[in-house]
Amino acid sequence: MDNRNLLLAVVLSGLLILGWDLGMRYFYPEAALTAASTEAAPAGAAKSGKVVSGAGDLGADSRPAQKVTLKGALASPNRVMIDTPRVAGSINLAGARLDDIVLKDYRETVKKDSGPVRLFAPEGTPGQYFAEFGFVTDGARQPSTALWQADGAKLTPATPVTLTRTDAKGITYTIRFAIDADYMITAEQTASNGGTAAAIIQPFALIKRTSTNATIDQFVAHSGPVGVFGGTLWDPHSYAELAELGGEKPEGAASWLGFTDQYWLGALVPGKGETDSAGFRSLGGNLFRTDLLYAARTIPAGGSLTQSTGLYAGAKDSIILDKYEEAGITFFGKAISWGWFEIAEKPILWLLRTLNGLVGNFGLAIILLTVIIRAAVFPIAQKGFASMAQMKAIQPKMKEIQERFKDDKQRQQQEIMKLYKDEKVNPLSGCLPMLIQIPVFFALYKVLVLSIEMRHEPFFGWIRDLSAPDPAHVLNLFGTLPYDVPGFLAIGPLAILLGITMWLTFKLNPAAVDPVQQQMFAIMPWVLMFVMAPFAAGLLLYWVTSNILTLAQQSYLYSKHPQLKAANATAGKAKT
């Protein structure tokens, strides 16, 4: 592979990154935005059992929550336990809140004794994050502190739990919670008017959280408000941007809406029934809320209404999300920020899962994936190498043309193109293997960052998480010195191997004619060593393996084209 081809590939990579956003907007257009409104519209004329326009609004929180410890909040006796194969926690009977959810399948850290990941936590705790279900009656939100009665002690996939309370007007409210074996909770809200007068009632659901424990919003992994509105994915804002705006009500009917982290999702899924509003708002103090308010209905004495809402609280496992999408939740799988490269990312993830199932180690699966990719492009690489051999063979003729027409650049280019045609040489064919690998490289990078299957997956030795950077650093003697290495100076063994293997591949390549290019290619491996050091260890493992395979491939192809090897050796002697 000509060094100039690698330079061209780097330039194309930059253009690819710059065009990423345009591509995503073209293939996955975002829903139009409208400013959020926090004022309640006046109630319209009520008819029995009819929808009433603008009968209420959830408004902002009336007062800040009192700070409490997690242990103290969970010690309350007013709780119903949750226990499923994947989820554990409890429902808070004060406010009908799901504010205690941990994920059994995932640890907080790579340490074996680390506790499970906590997704939801009670209001007032440092990591507050919870869902609440309730009612707006005659324009007023029912108190969030109201105590509900439960008909069971534990919510499991086999045992739903119903909460009940009756207000001063004689209206009885019930919320029946059911949960599946994965991460979906269904809340069926019913209001039965046992009073003497009609009432205007709106069921609602909300998710409230702090952003202080949220993952960083990245170019490749969105963290913040997210949803599907009007059949299009909506995820334009980070928490900081939402705080600046104050709130957003995206246009179009909501298919689902909530908050996403790199690996976790809390989202509301509206059931059948007309919604009054669905959107997001900033509550100040790093607190944010997503609201789902259903249309108001006039319920006469003796009448009732029922509304169902889904709550997803769990891991962004693509298999599970896609299963819910197939069941009817529009674009639920796009809660993972696949973006424009989804067409390559999902097959790569599938192949990695399959290979991991065979060898039992995702690091080995990445190595096997690299071998498969290189084997697939080998015929193209062979043709590219043959083209390079032809290019070397016509170098004397090219130099002669350059000397003869050195004062007429246009004529020089015309004669060179004629030479290519006469000799049947394609100067770009050597680029094809690298061009094919560019989308694979970016797709693998996103798979390593986004797929929860890669989280905390070890390789061998010191690499205990392939989705995280190499933890061993040369400048602190691989952890023996008591300080952290800053930023790009955090060079580990994998980054060093990357630099060395890339330098060796450059040494085997035919030397560039231009002295500037020679200098560039001399320092490029070591620059990339620093640039790539903070990236996921799995990505560096892929690149190092690819470089080693390139060395083997070059050695083999040189044996097939001895004239190219001889030309390269001659060029090397000329440089020295």
# chains A, B, ... in the order shown; residues from 1 in each chain; ligands from 1
$ residues_around --residues "A:Val531" --least-positions-apart "2" --cutoff "10 Å" --atoms "only C-alpha atoms" --output "PDB file with all heavy atoms, in the first residue's frame"
ATOM      1  N   GLY A 487      -4.087  13.303  30.433  1.00  0.00           N
ATOM      2  CA  GLY A 487      -4.449  13.408  29.024  1.00  0.00           C
ATOM      3  C   GLY A 487      -3.699  12.510  28.069  1.00  0.00           C
ATOM      4  O   GLY A 487      -3.572  11.308  28.268  1.00  0.00           O
ATOM      5  N   PHE A 488      -3.173  13.154  27.001  1.00  0.00           N
ATOM      6  CA  PHE A 488      -2.584  12.391  25.911  1.00  0.00           C
ATOM      7  C   PHE A 488      -1.228  11.782  26.286  1.00  0.00           C
ATOM      8  O   PHE A 488      -0.656  11.007  25.520  1.00  0.00           O
ATOM      9  CB  PHE A 488      -2.424  13.283  24.670  1.00  0.00           C
ATOM     10  CG  PHE A 488      -1.364  14.347  24.804  1.00  0.00           C
ATOM     11  CD1 PHE A 488      -0.092  14.122  24.323  1.00  0.00           C
ATOM     12  CD2 PHE A 488      -1.652  15.555  25.403  1.00  0.00           C
ATOM     13  CE1 PHE A 488       0.889  15.101  24.438  1.00  0.00           C
ATOM     14  CE2 PHE A 488      -0.688  16.533  25.522  1.00  0.00           C
ATOM     15  CZ  PHE A 488       0.595  16.312  25.035  1.00  0.00           C
ATOM     16  N   LEU A 489      -0.702  12.127  27.469  1.00  0.00           N
ATOM     17  CA  LEU A 489       0.551  11.510  27.910  1.00  0.00           C
ATOM     18  C   LEU A 489       0.334  10.125  28.495  1.00  0.00           C
ATOM     19  O   LEU A 489       1.288   9.433  28.844  1.00  0.00           O
ATOM     20  CB  LEU A 489       1.235  12.406  28.957  1.00  0.00           C
ATOM     21  CG  LEU A 489       1.717  13.776  28.455  1.00  0.00           C
ATOM     22  CD1 LEU A 489       2.284  14.585  29.613  1.00  0.00           C
ATOM     23  CD2 LEU A 489       2.771  13.606  27.361  1.00  0.00           C
ATOM     24  N   ILE A 491       0.233   7.081  27.853  1.00  0.00           N
ATOM     25  CA  ILE A 491       0.595   6.096  26.841  1.00  0.00           C
ATOM     26  C   ILE A 491       0.747   4.735  27.504  1.00  0.00           C
ATOM     27  O   ILE A 491       1.509   4.574  28.468  1.00  0.00           O
ATOM     28  CB  ILE A 491       1.926   6.473  26.149  1.00  0.00           C
ATOM     29  CG1 ILE A 491       1.826   7.882  25.564  1.00  0.00           C
ATOM     30  CG2 ILE A 491       2.260   5.460  25.063  1.00  0.00           C
ATOM     31  CD1 ILE A 491       0.776   8.046  24.525  1.00  0.00           C
ATOM     32  N   ALA A 495      -0.862   1.316  22.997  1.00  0.00           N
ATOM     33  CA  ALA A 495      -0.544   2.472  22.153  1.00  0.00           C
ATOM     34  C   ALA A 495       0.887   2.359  21.621  1.00  0.00           C
ATOM     35  O   ALA A 495       1.165   2.712  20.463  1.00  0.00           O
ATOM     36  CB  ALA A 495      -0.724   3.760  22.946  1.00  0.00           C
ATOM     37  N   PRO A 525       3.455   7.595  12.733  1.00  0.00           N
ATOM     38  CA  PRO A 525       3.148   6.516  13.682  1.00  0.00           C
ATOM     39  C   PRO A 525       3.208   6.962  15.136  1.00  0.00           C
ATOM     40  O   PRO A 525       2.397   6.535  15.958  1.00  0.00           O
ATOM     41  CB  PRO A 525       4.223   5.468  13.377  1.00  0.00           C
ATOM     42  CG  PRO A 525       4.642   5.740  11.974  1.00  0.00           C
ATOM     43  CD  PRO A 525       4.547   7.220  11.820  1.00  0.00           C
ATOM     44  N   TRP A 526       4.157   7.836  15.445  1.00  0.00           N
ATOM     45  CA  TRP A 526       4.327   8.252  16.842  1.00  0.00           C
ATOM     46  C   TRP A 526       3.300   9.299  17.235  1.00  0.00           C
ATOM     47  O   TRP A 526       2.876   9.346  18.396  1.00  0.00           O
ATOM     48  CB  TRP A 526       5.753   8.759  17.036  1.00  0.00           C
ATOM     49  CG  TRP A 526       6.743   7.840  16.384  1.00  0.00           C
ATOM     50  CD1 TRP A 526       7.560   8.109  15.327  1.00  0.00           C
ATOM     51  CD2 TRP A 526       6.959   6.453  16.700  1.00  0.00           C
ATOM     52  NE1 TRP A 526       8.283   6.998  14.968  1.00  0.00           N
ATOM     53  CE2 TRP A 526       7.940   5.965  15.798  1.00  0.00           C
ATOM     54  CE3 TRP A 526       6.432   5.584  17.642  1.00  0.00           C
ATOM     55  CZ2 TRP A 526       8.392   4.660  15.830  1.00  0.00           C
ATOM     56  CZ3 TRP A 526       6.885   4.279  17.673  1.00  0.00           C
ATOM     57  CH2 TRP A 526       7.849   3.820  16.784  1.00  0.00           C
ATOM     58  N   VAL A 527       2.872  10.104  16.260  1.00  0.00           N
ATOM     59  CA  VAL A 527       1.779  11.041  16.534  1.00  0.00           C
ATOM     60  C   VAL A 527       0.493  10.275  16.811  1.00  0.00           C
ATOM     61  O   VAL A 527      -0.228  10.548  17.783  1.00  0.00           O
ATOM     62  CB  VAL A 527       1.581  12.017  15.350  1.00  0.00           C
ATOM     63  CG1 VAL A 527       0.308  12.839  15.534  1.00  0.00           C
ATOM     64  CG2 VAL A 527       2.786  12.930  15.202  1.00  0.00           C
ATOM     65  N   LEU A 528       0.203   9.278  15.962  1.00  0.00           N
ATOM     66  CA  LEU A 528      -1.005   8.473  16.156  1.00  0.00           C
ATOM     67  C   LEU A 528      -0.942   7.683  17.459  1.00  0.00           C
ATOM     68  O   LEU A 528      -1.981   7.402  18.069  1.00  0.00           O
ATOM     69  CB  LEU A 528      -1.199   7.528  14.978  1.00  0.00           C
ATOM     70  CG  LEU A 528      -1.711   8.184  13.684  1.00  0.00           C
ATOM     71  CD1 LEU A 528      -1.730   7.172  12.553  1.00  0.00           C
ATOM     72  CD2 LEU A 528      -3.097   8.770  13.886  1.00  0.00           C
ATOM     73  N   MET A 529       0.249   7.311  17.888  1.00  0.00           N
ATOM     74  CA  MET A 529       0.388   6.618  19.163  1.00  0.00           C
ATOM     75  C   MET A 529      -0.178   7.472  20.304  1.00  0.00           C
ATOM     76  O   MET A 529      -0.898   6.978  21.169  1.00  0.00           O
ATOM     77  CB  MET A 529       1.862   6.304  19.428  1.00  0.00           C
ATOM     78  CG  MET A 529       2.122   5.590  20.746  1.00  0.00           C
ATOM     79  SD  MET A 529       3.886   5.270  21.012  1.00  0.00           S
ATOM     80  CE  MET A 529       4.475   6.943  21.358  1.00  0.00           C
ATOM     81  N   ALA A 533      -4.037   6.819  22.136  1.00  0.00           N
ATOM     82  CA  ALA A 533      -3.883   6.281  23.494  1.00  0.00           C
ATOM     83  C   ALA A 533      -5.142   6.400  24.350  1.00  0.00           C
ATOM     84  O   ALA A 533      -5.467   5.477  25.099  1.00  0.00           O
ATOM     85  CB  ALA A 533      -2.700   6.951  24.190  1.00  0.00           C
ATOM     86  N   PRO A 534      -5.905   7.524  24.293  1.00  0.00           N
ATOM     87  CA  PRO A 534      -7.101   7.613  25.156  1.00  0.00           C
ATOM     88  C   PRO A 534      -8.304   6.819  24.635  1.00  0.00           C
ATOM     89  O   PRO A 534      -9.331   6.778  25.313  1.00  0.00           O
ATOM     90  CB  PRO A 534      -7.418   9.125  25.147  1.00  0.00           C
ATOM     91  CG  PRO A 534      -6.252   9.803  24.518  1.00  0.00           C
ATOM     92  CD  PRO A 534      -5.656   8.800  23.615  1.00  0.00           C
ATOM     93  N   PHE A 535      -8.200   6.197  23.465  1.00  0.00           N
ATOM     94  CA  PHE A 535      -9.340   5.480  22.905  1.00  0.00           C
ATOM     95  C   PHE A 535      -9.499   4.114  23.581  1.00  0.00           C
ATOM     96  O   PHE A 535      -8.626   3.654  24.308  1.00  0.00           O
ATOM     97  CB  PHE A 535      -9.167   5.303  21.396  1.00  0.00           C
ATOM     98  CG  PHE A 535      -9.501   6.535  20.600  1.00  0.00           C
ATOM     99  CD1 PHE A 535      -8.711   7.668  20.672  1.00  0.00           C
ATOM    100  CD2 PHE A 535     -10.616   6.560  19.780  1.00  0.00           C
ATOM    101  CE1 PHE A 535      -9.015   8.798  19.941  1.00  0.00           C
ATOM    102  CE2 PHE A 535     -10.932   7.692  19.042  1.00  0.00           C
ATOM    103  CZ  PHE A 535     -10.137   8.815  19.131  1.00  0.00           C
TER     104      PHE A 535
END
$ residues_around --residues "A:Thr550" --least-positions-apart "4" --cutoff "9 Å" --atoms "only C-alpha atoms" --output "number ranges by chain"
A: 374, 505, 545-546, 554-555
$ closest_residue --among "A:Ile452, A:Leu311, A:Val220, A:Ala296" --to "A:Trp338" --atoms "only C-alpha atoms"
A:Val220
$ select_by_dssp --residues "stretch 77-320 of chain A" --states "strand (DSSP E)" --output "PyMOL selection string"
chain A and resi 79-83+87-92+97-107+116-120+129-137+140-141+149-150+154-155+161-166+171-179+184-193+199-210+224-229+232-234+247-248+254-260+264-270+275-284+287-294+296-299+304-315
$ residues_around --residues "A:Pro300" --least-positions-apart "6" --cutoff "7 Å" --atoms "only C-alpha atoms" --output "mmCIF file with all heavy atoms, in the first residue's frame"
data_model
loop_
_atom_site.group_PDB
_atom_site.id
_atom_site.type_symbol
_atom_site.label_atom_id
_atom_site.label_comp_id
_atom_site.auth_asym_id
_atom_site.auth_seq_id
_atom_site.Cartn_x
_atom_site.Cartn_y
_atom_site.Cartn_z
ATOM 1 N N SER A 48 -69.859 15.211 29.336
ATOM 2 C CA SER A 48 -69.660 13.922 29.992
ATOM 3 C C SER A 48 -68.845 12.981 29.126
ATOM 4 O O SER A 48 -69.202 12.693 27.994
ATOM 5 C CB SER A 48 -71.021 13.286 30.301
ATOM 6 O OG SER A 48 -70.848 12.017 30.886
ATOM 7 N N ASN A 193 -64.934 7.941 39.714
ATOM 8 C CA ASN A 193 -65.571 9.076 40.391
ATOM 9 C C ASN A 193 -66.719 8.567 41.271
ATOM 10 O O ASN A 193 -67.823 8.304 40.803
ATOM 11 C CB ASN A 193 -66.085 10.076 39.358
ATOM 12 C CG ASN A 193 -66.561 11.369 40.002
ATOM 13 O OD1 ASN A 193 -66.587 11.494 41.236
ATOM 14 N ND2 ASN A 193 -66.930 12.340 39.179
ATOM 15 N N ALA A 197 -70.338 15.003 42.024
ATOM 16 C CA ALA A 197 -70.197 15.958 40.917
ATOM 17 C C ALA A 197 -69.186 15.430 39.904
ATOM 18 O O ALA A 197 -68.308 14.622 40.231
ATOM 19 C CB ALA A 197 -69.754 17.318 41.454
ATOM 20 N N ALA A 198 -69.343 15.902 38.678
ATOM 21 C CA ALA A 198 -68.394 15.527 37.636
ATOM 22 C C ALA A 198 -67.014 16.104 37.949
ATOM 23 O O ALA A 198 -66.883 17.130 38.622
ATOM 24 C CB ALA A 198 -68.879 16.020 36.280
ATOM 25 N N ALA A 199 -65.977 15.460 37.435
ATOM 26 C CA ALA A 199 -64.605 15.928 37.649
ATOM 27 C C ALA A 199 -63.829 15.837 36.343
ATOM 28 O O ALA A 199 -64.048 14.940 35.528
ATOM 29 C CB ALA A 199 -63.920 15.099 38.737
#
$ closest_residue --among "A:Ser223, A:Gln410, A:Gln553, A:Thr109" --to "A:Val377" --atoms "only C-alpha atoms"
A:Gln553
$ residues_around --residues "A:Leu206" --least-positions-apart "6" --cutoff "9 Å" --atoms "only C-alpha atoms" --output "PyMOL selection string"
chain A and resi 130-134+258+268+289-293
$ write_last_selection --atoms "N, CA and C atoms" --output "CSV table (one decimal), in the first residue's frame"
chain,number,residue,atom,x,y,z
A,130,PHE,N,-36.1,9.2,39.3
A,130,PHE,CA,-37.3,8.4,39.6
A,130,PHE,C,-38.4,8.7,38.6
A,131,ALA,N,-39.4,7.8,38.6
A,131,ALA,CA,-40.6,7.9,37.8
A,131,ALA,C,-41.8,8.1,38.7
A,132,GLU,N,-42.7,8.9,38.4
A,132,GLU,CA,-43.9,9.1,39.2
A,132,GLU,C,-45.2,9.0,38.3
A,133,PHE,N,-46.2,8.4,38.8
A,133,PHE,CA,-47.5,8.3,38.1
A,133,PHE,C,-48.6,8.9,39.0
A,134,GLY,N,-49.4,9.7,38.4
A,134,GLY,CA,-50.4,10.4,39.2
A,134,GLY,C,-51.6,11.0,38.3
A,258,GLY,N,-37.7,10.2,27.2
A,258,GLY,CA,-37.0,10.0,28.5
A,258,GLY,C,-35.6,10.6,28.5
A,268,LEU,N,-40.5,6.9,29.1
A,268,LEU,CA,-41.9,6.7,29.2
A,268,LEU,C,-42.5,6.3,27.8
A,289,ARG,N,-36.8,17.2,34.0
A,289,ARG,CA,-38.0,16.3,34.1
A,289,ARG,C,-38.5,16.1,32.7
A,290,THR,N,-39.0,14.9,32.4
A,290,THR,CA,-39.8,14.7,31.2
A,290,THR,C,-41.2,14.4,31.6
A,291,ASP,N,-42.2,15.1,31.0
A,291,ASP,CA,-43.6,15.0,31.4
A,291,ASP,C,-44.4,14.4,30.3
A,292,LEU,N,-45.3,13.5,30.7
A,292,LEU,CA,-46.3,13.0,29.8
A,292,LEU,C,-47.7,13.2,30.4
A,293,LEU,N,-48.5,14.1,29.9
A,293,LEU,CA,-49.8,14.5,30.4
A,293,LEU,C,-50.8,14.1,29.4
$ atom_distance --atom1 "atom CA of A:Phe332" --atom2 "atom CA of A:Asn356"
25.6 Å
$ atom_distance --atom1 "atom CA of A:Lys323" --atom2 "atom CA of A:His237"
26.7 Å
$ closest_residue --among "A:Ser211, A:Asn361, A:Ser387, A:Thr190" --to "A:Tyr129" --atoms "only C-alpha atoms"
A:Ser211
$ residues_around --residues "stretch 461-470 of chain A" --least-positions-apart "5" --cutoff "10 Å" --atoms "only C-alpha atoms" --output "VMD selection string"
chain A and resid 109 to 111 362 to 363 366 445 to 456 478 490 to 495 532 to 541
$ write_last_selection --atoms "N, CA and C atoms" --output "compact mmCIF listing (two decimals), in the first residue's frame"
# COMPACT_ATOMS: atom_id res chain seq x y z
N THR A 109 -18.47 -1.01 38.93
CA THR A 109 -17.08 -0.95 38.48
C THR A 109 -16.64 -2.36 38.08
N VAL A 110 -15.39 -2.46 37.62
CA VAL A 110 -14.86 -3.76 37.20
C VAL A 110 -14.50 -4.65 38.38
N LYS A 111 -14.49 -4.09 39.58
CA LYS A 111 -14.16 -4.90 40.74
C LYS A 111 -15.23 -5.96 40.97
N PHE A 362 -14.12 -11.41 24.49
CA PHE A 362 -14.38 -10.39 23.47
C PHE A 362 -13.09 -9.87 22.85
N GLY A 363 -11.97 -9.90 23.60
CA GLY A 363 -10.70 -9.48 23.02
C GLY A 363 -10.28 -10.41 21.90
N ILE A 366 -12.42 -9.74 18.93
CA ILE A 366 -11.98 -8.59 18.14
C ILE A 366 -10.83 -8.99 17.22
N TYR A 445 -15.43 1.37 16.46
CA TYR A 445 -15.27 2.34 17.54
C TYR A 445 -16.60 2.62 18.23
N LYS A 446 -17.65 2.83 17.45
CA LYS A 446 -18.95 3.10 18.04
C LYS A 446 -19.51 1.88 18.76
N VAL A 447 -19.27 0.70 18.20
CA VAL A 447 -19.73 -0.52 18.87
C VAL A 447 -19.06 -0.65 20.23
N LEU A 448 -17.76 -0.37 20.30
CA LEU A 448 -17.04 -0.46 21.57
C LEU A 448 -17.55 0.56 22.57
N VAL A 449 -17.93 1.74 22.09
CA VAL A 449 -18.39 2.81 22.98
C VAL A 449 -19.85 2.59 23.40
N LEU A 450 -20.69 2.11 22.47
CA LEU A 450 -22.13 2.12 22.71
C LEU A 450 -22.69 0.79 23.22
N SER A 451 -22.14 -0.32 22.75
CA SER A 451 -22.78 -1.60 23.06
C SER A 451 -22.46 -2.02 24.49
N ILE A 452 -23.50 -2.31 25.23
CA ILE A 452 -23.32 -2.69 26.63
C ILE A 452 -22.64 -4.04 26.76
N GLU A 453 -22.66 -4.83 25.69
CA GLU A 453 -21.95 -6.12 25.72
C GLU A 453 -20.46 -5.93 25.96
N MET A 454 -19.91 -4.77 25.54
CA MET A 454 -18.47 -4.54 25.68
C MET A 454 -18.11 -3.93 27.03
N ARG A 455 -19.10 -3.46 27.78
CA ARG A 455 -18.82 -2.83 29.07
C ARG A 455 -18.23 -3.84 30.05
N HIS A 456 -17.08 -3.46 30.61
CA HIS A 456 -16.39 -4.27 31.63
C HIS A 456 -15.97 -5.64 31.10
N PHE A 478 3.49 1.99 34.94
CA PHE A 478 2.39 1.03 34.93
C PHE A 478 1.69 0.90 36.28
N ALA A 490 -0.93 9.73 28.62
CA ALA A 490 -1.26 8.42 29.20
C ALA A 490 -1.03 7.32 28.16
N ILE A 491 0.23 7.08 27.85
CA ILE A 491 0.59 6.10 26.84
C ILE A 491 0.75 4.73 27.50
N GLY A 492 0.03 3.75 26.98
CA GLY A 492 0.09 2.40 27.51
C GLY A 492 0.72 1.43 26.54
N PRO A 493 0.86 0.17 26.92
CA PRO A 493 1.47 -0.83 26.05
C PRO A 493 0.79 -0.98 24.69
N LEU A 494 -0.54 -0.92 24.67
CA LEU A 494 -1.24 -1.08 23.39
C LEU A 494 -0.93 0.08 22.45
N ALA A 495 -0.86 1.32 23.00
CA ALA A 495 -0.54 2.47 22.15
C ALA A 495 0.89 2.36 21.62
N MET A 532 -4.18 8.10 19.70
CA MET A 532 -5.06 6.95 19.93
C MET A 532 -5.01 6.41 21.35
N ALA A 533 -4.04 6.82 22.14
CA ALA A 533 -3.88 6.28 23.49
C ALA A 533 -5.14 6.40 24.35
N PRO A 534 -5.90 7.52 24.29
CA PRO A 534 -7.10 7.61 25.16
C PRO A 534 -8.30 6.82 24.64
N PHE A 535 -8.20 6.20 23.47
CA PHE A 535 -9.34 5.48 22.91
C PHE A 535 -9.50 4.11 23.58
N ALA A 536 -10.64 3.49 23.33
CA ALA A 536 -10.94 2.20 23.95
C ALA A 536 -9.85 1.18 23.63
N ALA A 537 -9.51 0.37 24.63
CA ALA A 537 -8.47 -0.64 24.46
C ALA A 537 -8.83 -1.61 23.34
N GLY A 538 -10.11 -1.92 23.19
CA GLY A 538 -10.54 -2.82 22.13
C GLY A 538 -10.25 -2.27 20.75
N LEU A 539 -10.37 -0.95 20.59
CA LEU A 539 -10.08 -0.33 19.30
C LEU A 539 -8.59 -0.42 18.99
N LEU A 540 -7.75 -0.16 19.99
CA LEU A 540 -6.31 -0.28 19.78
C LEU A 540 -5.92 -1.72 19.48
N LEU A 541 -6.59 -2.66 20.14
CA LEU A 541 -6.33 -4.07 19.87
C LEU A 541 -6.65 -4.40 18.41
$ select_by_dssp --residues "stretch 154-326 of chain A" --states "helix (DSSP H, G or I)" --output "PDB file with N, CA, C and O atoms, in the first residue's frame"
ATOM      1  N   TYR A 239     -27.863  18.226  28.584  1.00  0.00           N
ATOM      2  CA  TYR A 239     -28.533  18.802  29.747  1.00  0.00           C
ATOM      3  C   TYR A 239     -28.261  20.299  29.850  1.00  0.00           C
ATOM      4  O   TYR A 239     -29.155  21.088  30.181  1.00  0.00           O
ATOM      5  N   ALA A 240     -27.020  20.717  29.566  1.00  0.00           N
ATOM      6  CA  ALA A 240     -26.677  22.139  29.646  1.00  0.00           C
ATOM      7  C   ALA A 240     -27.499  22.953  28.652  1.00  0.00           C
ATOM      8  O   ALA A 240     -27.974  24.061  28.970  1.00  0.00           O
ATOM      9  N   GLU A 241     -27.690  22.420  27.452  1.00  0.00           N
ATOM     10  CA  GLU A 241     -28.476  23.135  26.440  1.00  0.00           C
ATOM     11  C   GLU A 241     -29.947  23.185  26.833  1.00  0.00           C
ATOM     12  O   GLU A 241     -30.612  24.215  26.633  1.00  0.00           O
ATOM     13  N   LEU A 242     -30.466  22.102  27.420  1.00  0.00           N
ATOM     14  CA  LEU A 242     -31.856  22.119  27.869  1.00  0.00           C
ATOM     15  C   LEU A 242     -32.040  23.117  29.001  1.00  0.00           C
ATOM     16  O   LEU A 242     -33.064  23.808  29.070  1.00  0.00           O
ATOM     17  N   ALA A 243     -31.046  23.240  29.871  1.00  0.00           N
ATOM     18  CA  ALA A 243     -31.108  24.216  30.965  1.00  0.00           C
ATOM     19  C   ALA A 243     -31.152  25.636  30.413  1.00  0.00           C
ATOM     20  O   ALA A 243     -31.866  26.502  30.935  1.00  0.00           O
ATOM     21  N   GLU A 244     -30.411  25.899  29.342  1.00  0.00           N
ATOM     22  CA  GLU A 244     -30.431  27.222  28.716  1.00  0.00           C
ATOM     23  C   GLU A 244     -31.794  27.526  28.124  1.00  0.00           C
ATOM     24  O   GLU A 244     -32.315  28.642  28.245  1.00  0.00           O
ATOM     25  N   LEU A 245     -32.385  26.545  27.474  1.00  0.00           N
ATOM     26  CA  LEU A 245     -33.685  26.736  26.833  1.00  0.00           C
ATOM     27  C   LEU A 245     -34.825  26.795  27.840  1.00  0.00           C
ATOM     28  O   LEU A 245     -35.857  27.413  27.589  1.00  0.00           O
ATOM     29  N   SER A 318     -29.171  -3.864  22.912  1.00  0.00           N
ATOM     30  CA  SER A 318     -29.780  -3.716  21.590  1.00  0.00           C
ATOM     31  C   SER A 318     -30.768  -4.842  21.287  1.00  0.00           C
ATOM     32  O   SER A 318     -31.777  -4.612  20.612  1.00  0.00           O
ATOM     33  N   ILE A 319     -30.507  -6.038  21.780  1.00  0.00           N
ATOM     34  CA  ILE A 319     -31.427  -7.147  21.527  1.00  0.00           C
ATOM     35  C   ILE A 319     -32.768  -6.879  22.200  1.00  0.00           C
ATOM     36  O   ILE A 319     -33.840  -7.075  21.611  1.00  0.00           O
ATOM     37  N   ILE A 320     -32.716  -6.402  23.448  1.00  0.00           N
ATOM     38  CA  ILE A 320     -33.953  -6.129  24.190  1.00  0.00           C
ATOM     39  C   ILE A 320     -34.690  -4.939  23.593  1.00  0.00           C
ATOM     40  O   ILE A 320     -35.916  -4.980  23.395  1.00  0.00           O
ATOM     41  N   LEU A 321     -33.967  -3.870  23.273  1.00  0.00           N
ATOM     42  CA  LEU A 321     -34.609  -2.686  22.689  1.00  0.00           C
ATOM     43  C   LEU A 321     -35.258  -3.026  21.347  1.00  0.00           C
ATOM     44  O   LEU A 321     -36.378  -2.585  21.062  1.00  0.00           O
ATOM     45  N   ASP A 322     -34.557  -3.791  20.530  1.00  0.00           N
ATOM     46  CA  ASP A 322     -35.111  -4.167  19.225  1.00  0.00           C
ATOM     47  C   ASP A 322     -36.347  -5.045  19.390  1.00  0.00           C
ATOM     48  O   ASP A 322     -37.279  -4.987  18.572  1.00  0.00           O
ATOM     49  N   LYS A 323     -36.368  -5.855  20.426  1.00  0.00           N
ATOM     50  CA  LYS A 323     -37.546  -6.693  20.672  1.00  0.00           C
ATOM     51  C   LYS A 323     -38.767  -5.831  20.960  1.00  0.00           C
ATOM     52  O   LYS A 323     -39.858  -6.072  20.430  1.00  0.00           O
ATOM     53  N   TYR A 324     -38.584  -4.777  21.771  1.00  0.00           N
ATOM     54  CA  TYR A 324     -39.703  -3.871  22.047  1.00  0.00           C
ATOM     55  C   TYR A 324     -40.091  -3.077  20.799  1.00  0.00           C
ATOM     56  O   TYR A 324     -41.272  -2.775  20.591  1.00  0.00           O
ATOM     57  N   GLU A 325     -39.083  -2.743  19.977  1.00  0.00           N
ATOM     58  CA  GLU A 325     -39.397  -2.032  18.737  1.00  0.00           C
ATOM     59  C   GLU A 325     -40.240  -2.913  17.823  1.00  0.00           C
ATOM     60  O   GLU A 325     -41.210  -2.441  17.209  1.00  0.00           O
ATOM     61  N   GLU A 326     -39.891  -4.179  17.728  1.00  0.00           N
ATOM     62  CA  GLU A 326     -40.672  -5.113  16.910  1.00  0.00           C
ATOM     63  C   GLU A 326     -42.090  -5.283  17.458  1.00  0.00           C
ATOM     64  O   GLU A 326     -43.026  -5.572  16.702  1.00  0.00           O
TER      65      GLU A 326
END
$ closest_residue --among "A:Gln402, A:Thr159, A:Ser304, A:Gln390" --to "A:Tyr420" --atoms "only C-alpha atoms"
A:Gln390
$ residues_around --residues "stretch 161-167 of chain A" --least-positions-apart "3" --cutoff "7 Å" --atoms "only C-alpha atoms" --output "PyMOL selection string"
chain A and resi 148-152+155+170-178
$ write_last_selection --atoms "C-alpha atoms" --output "mmCIF file, in the first residue's frame"
data_model
loop_
_atom_site.group_PDB
_atom_site.id
_atom_site.type_symbol
_atom_site.label_atom_id
_atom_site.label_comp_id
_atom_site.auth_asym_id
_atom_site.auth_seq_id
_atom_site.Cartn_x
_atom_site.Cartn_y
_atom_site.Cartn_z
ATOM 1 C CA TRP A 148 -51.071 4.976 48.684
ATOM 2 C CA GLN A 149 -52.179 1.544 49.862
ATOM 3 C CA ALA A 150 -50.817 -1.601 48.170
ATOM 4 C CA ASP A 151 -52.539 -4.939 47.712
ATOM 5 C CA GLY A 152 -49.275 -6.901 47.635
ATOM 6 C CA LEU A 155 -43.838 -6.795 42.397
ATOM 7 C CA GLY A 170 -64.673 10.709 46.763
ATOM 8 C CA ILE A 171 -62.611 9.960 43.660
ATOM 9 C CA THR A 172 -60.709 6.675 43.943
ATOM 10 C CA TYR A 173 -57.410 6.404 42.112
ATOM 11 C CA THR A 174 -55.655 3.115 41.372
ATOM 12 C CA ILE A 175 -52.340 2.335 39.704
ATOM 13 C CA ARG A 176 -51.738 -1.279 38.751
ATOM 14 C CA PHE A 177 -48.026 -1.986 38.230
ATOM 15 C CA ALA A 178 -46.889 -4.989 36.177
#
